[in-house]
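> Structure file work.cif, mmCIF, C-alpha atoms, is pasted below:
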```
data_data
loop_
_atom_site.label_atom_id
_atom_site.label_comp_id
_atom_site.auth_asym_id
_atom_site.auth_seq_id
_atom_site.Cartn_x
_atom_site.Cartn_y
_atom_site.Cartn_z
CA MET U 1 9.47 -13.13 -27.96
CA PRO U 2 11.09 -16.33 -29.28
CA ARG U 3 14.64 -17.10 -28.30
CA ALA U 4 17.45 -16.66 -30.82
CA ARG U 5 18.15 -19.90 -32.64
CA LYS U 6 20.80 -21.07 -35.05
CA LYS U 7 19.85 -22.50 -38.45
CA ASP U 8 19.86 -26.05 -37.03
CA GLY U 9 17.13 -25.09 -34.54
CA GLN U 10 19.43 -25.10 -31.51
CA PRO U 11 19.59 -22.11 -29.14
CA SER U 12 22.44 -19.68 -29.87
CA ALA U 13 25.49 -19.56 -27.63
CA VAL U 14 24.40 -16.15 -26.33
CA SER U 15 20.92 -17.46 -25.54
CA LYS U 16 22.36 -20.48 -23.71
CA PHE U 17 24.81 -18.30 -21.79
CA PHE U 18 22.14 -15.79 -20.74
CA GLY U 19 19.72 -18.58 -19.77
CA ASN U 20 22.35 -20.27 -17.62
CA LEU U 21 23.44 -16.95 -16.09
CA ALA U 22 19.85 -15.99 -15.30
CA ASN U 23 19.13 -19.40 -13.79
CA GLN U 24 22.25 -19.44 -11.62
CA THR U 25 21.73 -15.84 -10.52
CA SER U 26 18.10 -16.38 -9.57
CA LEU U 27 19.07 -19.51 -7.61
CA ALA U 28 21.85 -17.62 -5.82
CA ALA U 29 19.64 -14.58 -5.14
CA GLY U 30 17.09 -16.77 -3.39
CA ARG U 31 19.53 -18.23 -0.87
CA ALA U 32 19.64 -17.15 2.76
CA SER U 33 23.40 -16.64 2.52
CA THR U 34 22.90 -14.09 -0.26
CA PHE U 35 20.41 -12.19 1.87
CA ILE U 36 22.83 -12.23 4.81
CA LEU U 37 25.59 -10.93 2.53
CA ALA U 38 23.35 -8.08 1.32
CA VAL U 39 22.38 -7.17 4.90
CA SER U 40 26.06 -7.27 5.90
CA ILE U 41 26.97 -4.87 3.09
CA VAL U 42 24.26 -2.45 4.22
CA ILE U 43 25.44 -2.70 7.84
CA VAL U 44 29.08 -2.07 6.85
CA TRP U 45 27.94 0.89 4.76
CA ALA U 46 25.83 2.30 7.62
CA VAL U 47 28.61 1.82 10.20
CA SER U 48 31.11 3.52 7.87
CA GLY U 49 28.88 6.62 7.70
CA PRO U 50 30.56 8.49 10.58
CA LEU U 51 33.98 7.60 9.12
CA PHE U 52 33.08 9.43 5.91
CA GLY U 53 31.06 12.13 7.65
CA PHE U 54 27.85 10.92 6.01
CA SER U 55 29.10 12.62 2.86
CA ASP U 56 27.37 12.75 -0.50
CA THR U 57 29.94 10.29 -1.85
CA TRP U 58 29.18 7.88 1.00
CA GLN U 59 25.46 8.03 0.12
CA LEU U 60 26.19 7.78 -3.60
CA VAL U 61 28.08 4.50 -3.10
CA ILE U 62 25.06 2.64 -1.69
CA ASN U 63 22.60 4.33 -4.05
CA THR U 64 24.65 3.48 -7.12
CA GLY U 65 25.37 -0.07 -5.98
CA THR U 66 21.76 -0.89 -5.19
CA THR U 67 20.51 0.73 -8.39
CA ILE U 68 22.91 -1.28 -10.56
CA VAL U 69 22.13 -4.56 -8.79
CA THR U 70 18.38 -3.92 -8.99
CA PHE U 71 18.56 -2.97 -12.67
CA LEU U 72 20.44 -6.14 -13.61
CA MET U 73 18.40 -8.44 -11.36
CA VAL U 74 15.14 -7.30 -12.97
CA PHE U 75 16.24 -8.72 -16.33
CA LEU U 76 17.73 -11.91 -14.93
CA ILE U 77 14.77 -12.73 -12.69
CA GLN U 78 12.29 -11.87 -15.46
CA ASN U 79 14.09 -14.29 -17.75
CA SER U 80 13.85 -17.05 -15.13
CA GLN U 81 10.16 -16.33 -14.56
CA ASN U 82 9.48 -16.36 -18.30
CA ARG U 83 11.13 -19.78 -18.65
CA ASP U 84 9.31 -21.16 -15.62
CA SER U 85 6.00 -19.83 -16.90
CA ALA U 86 6.58 -21.26 -20.37
CA ALA U 87 7.50 -24.65 -18.91
CA ILE U 88 4.36 -24.68 -16.75
CA GLN U 89 2.23 -23.76 -19.77
CA VAL U 90 3.71 -26.61 -21.79
CA LYS U 91 3.04 -29.04 -18.94
CA LEU U 92 -0.54 -27.80 -18.50
CA ASP U 93 -1.14 -27.96 -22.27
CA GLU U 94 0.08 -31.55 -22.30
CA LEU U 95 -2.16 -32.46 -19.37
CA ILE U 96 -5.12 -30.88 -21.13
CA ARG U 97 -4.24 -32.67 -24.37
CA VAL U 98 -4.14 -36.13 -22.79
CA SER U 99 -7.10 -35.67 -20.43
CA THR U 100 -10.82 -35.22 -20.81
CA ALA U 101 -10.42 -31.43 -20.50
CA ARG U 102 -11.30 -29.34 -23.50
CA ASN U 103 -8.39 -29.06 -25.93
CA SER U 104 -9.60 -25.57 -26.85
CA MET U 105 -7.94 -24.38 -23.62
CA VAL U 106 -4.47 -25.19 -24.97
CA GLY U 107 -2.64 -21.95 -25.77
CA ILE U 108 -5.10 -19.52 -24.19
CA GLU U 109 -2.18 -17.72 -22.50
CA HIS U 110 -1.69 -15.95 -25.84
CA LEU U 111 -5.14 -14.30 -25.75
CA THR U 112 -5.78 -10.70 -24.75
CA ASP U 113 -6.78 -9.78 -21.20
CA ASP U 114 -10.37 -9.19 -22.32
CA GLU U 115 -10.54 -12.57 -24.05
CA LEU U 116 -9.12 -14.30 -20.96
CA GLU U 117 -11.61 -12.51 -18.71
CA ASP U 118 -14.45 -13.63 -20.97
CA ILE U 119 -13.28 -17.26 -20.76
CA ARG U 120 -12.88 -16.97 -16.97
CA THR U 121 -16.42 -15.62 -16.63
CA LYS U 122 -17.81 -18.46 -18.76
CA CYS U 123 -15.85 -21.08 -16.79
CA GLU U 124 -17.11 -19.67 -13.48
CA ALA U 125 -20.69 -19.70 -14.81
CA ARG U 126 -20.31 -23.34 -15.95
CA ALA U 127 -18.86 -24.28 -12.55
CA ALA U 128 -21.77 -22.60 -10.76
CA ALA U 129 -24.26 -24.39 -13.03
CA GLU U 130 -22.56 -27.74 -12.41
CA LYS U 131 -22.62 -27.12 -8.66
CA ALA U 132 -26.35 -26.29 -8.82
CA GLY U 133 -26.90 -29.42 -10.90
CA GLU U 134 -25.05 -31.56 -8.37
CA LYS U 135 -27.16 -30.08 -5.57
CA THR U 136 -30.35 -30.86 -7.51
CA VAL U 137 -29.20 -34.45 -8.11
CA GLU U 138 -28.36 -34.81 -4.41
CA GLU U 139 -31.78 -33.48 -3.36
CA THR U 140 -33.50 -35.76 -5.89
CA GLY U 141 -31.56 -38.71 -4.48
CA LYS U 142 -32.66 -37.86 -0.95
CA SER U 143 -36.29 -37.59 -2.10
CA ALA U 144 -36.02 -40.92 -3.87
CA ARG U 145 -34.56 -42.58 -0.75
CA ARG U 146 -37.38 -41.18 1.42
CA ALA U 147 -39.97 -42.40 -1.10
CA ALA U 148 -38.35 -45.83 -1.21
CA GLU U 149 -38.33 -45.99 2.61
CA ARG U 150 -42.05 -45.08 2.69
CA VAL U 151 -42.85 -47.77 0.13
CA ALA U 152 -40.76 -50.31 2.06
CA SER U 153 -42.50 -49.49 5.35
#
```
Represent the supplied structure as structure tokens.

Amino acid sequence: MPRARKKDGQPSAVSKFFGNLANQTSLAAGRASTFILAVSIVIVWAVSGPLFGFSDTWQLVINTGTTIVTFLMVFLIQNSQNRDSAAIQVKLDELIRVSTARNSMVGIEHLTDDELEDIRTKCEARAAAEKAGEKTVEETGKSARRAAERVAS
């Protein structure tokens, strides 16, 4: 789904804010210190169990907290992955465009799963045929060398 844009083609303030928030959150979530903080919270919660008699409220605190964090992180991390994936696709498309690769491959990420599988099957078949062709050329070269050595002898 395209990002919200203003009339001048620039991303909206909300889109910029969410993109920045998602990026900063995903960077923070991937740090060792964040993991240590999360483990510390779980340890404090577990140690406080006897204090609260392992009550339903005590259990509800960790369940609610982890559910809320997980729910929000899904959207933020998905946004970061979507942007990373889109950036990689643009880079790959540009490499295809400026190289000897087939330009028909640009934009194939928009195809259906069946269409992609069909292209993958055809690419694998072409690669296998090229490999067989290379082997044939190599064997022909060896035969030619042996024949040349016999003639030279």
> In Å, rounded to a single decimal, give me how far CA of Arg146 (chain U) is from CA of Ala129 (chain U).
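Distance reported for this atom pair: 25.7 Å.
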> Calculate how many Å separate CA of Gly107 (chain U) from CA of Leu76 (chain U), rounding to one decimal.
25.2 Å
> Can you pull out the residues contacting Ala22 (chain U)? Cut-off 12 Å, using only C-alpha atoms, and skip same-chain residues under 2 positions away; I want them as a VMD selection string.
chain U and resid 14 to 20 24 to 29 72 to 84
> Give me, please, the distance in Å between CA of Lys122 (chain U) and CA of Glu138 (chain U), quoted to one decimal.
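If I compute the distance from CA of Lys122 (chain U) to CA of Glu138 (chain U), I get 24.2 Å.
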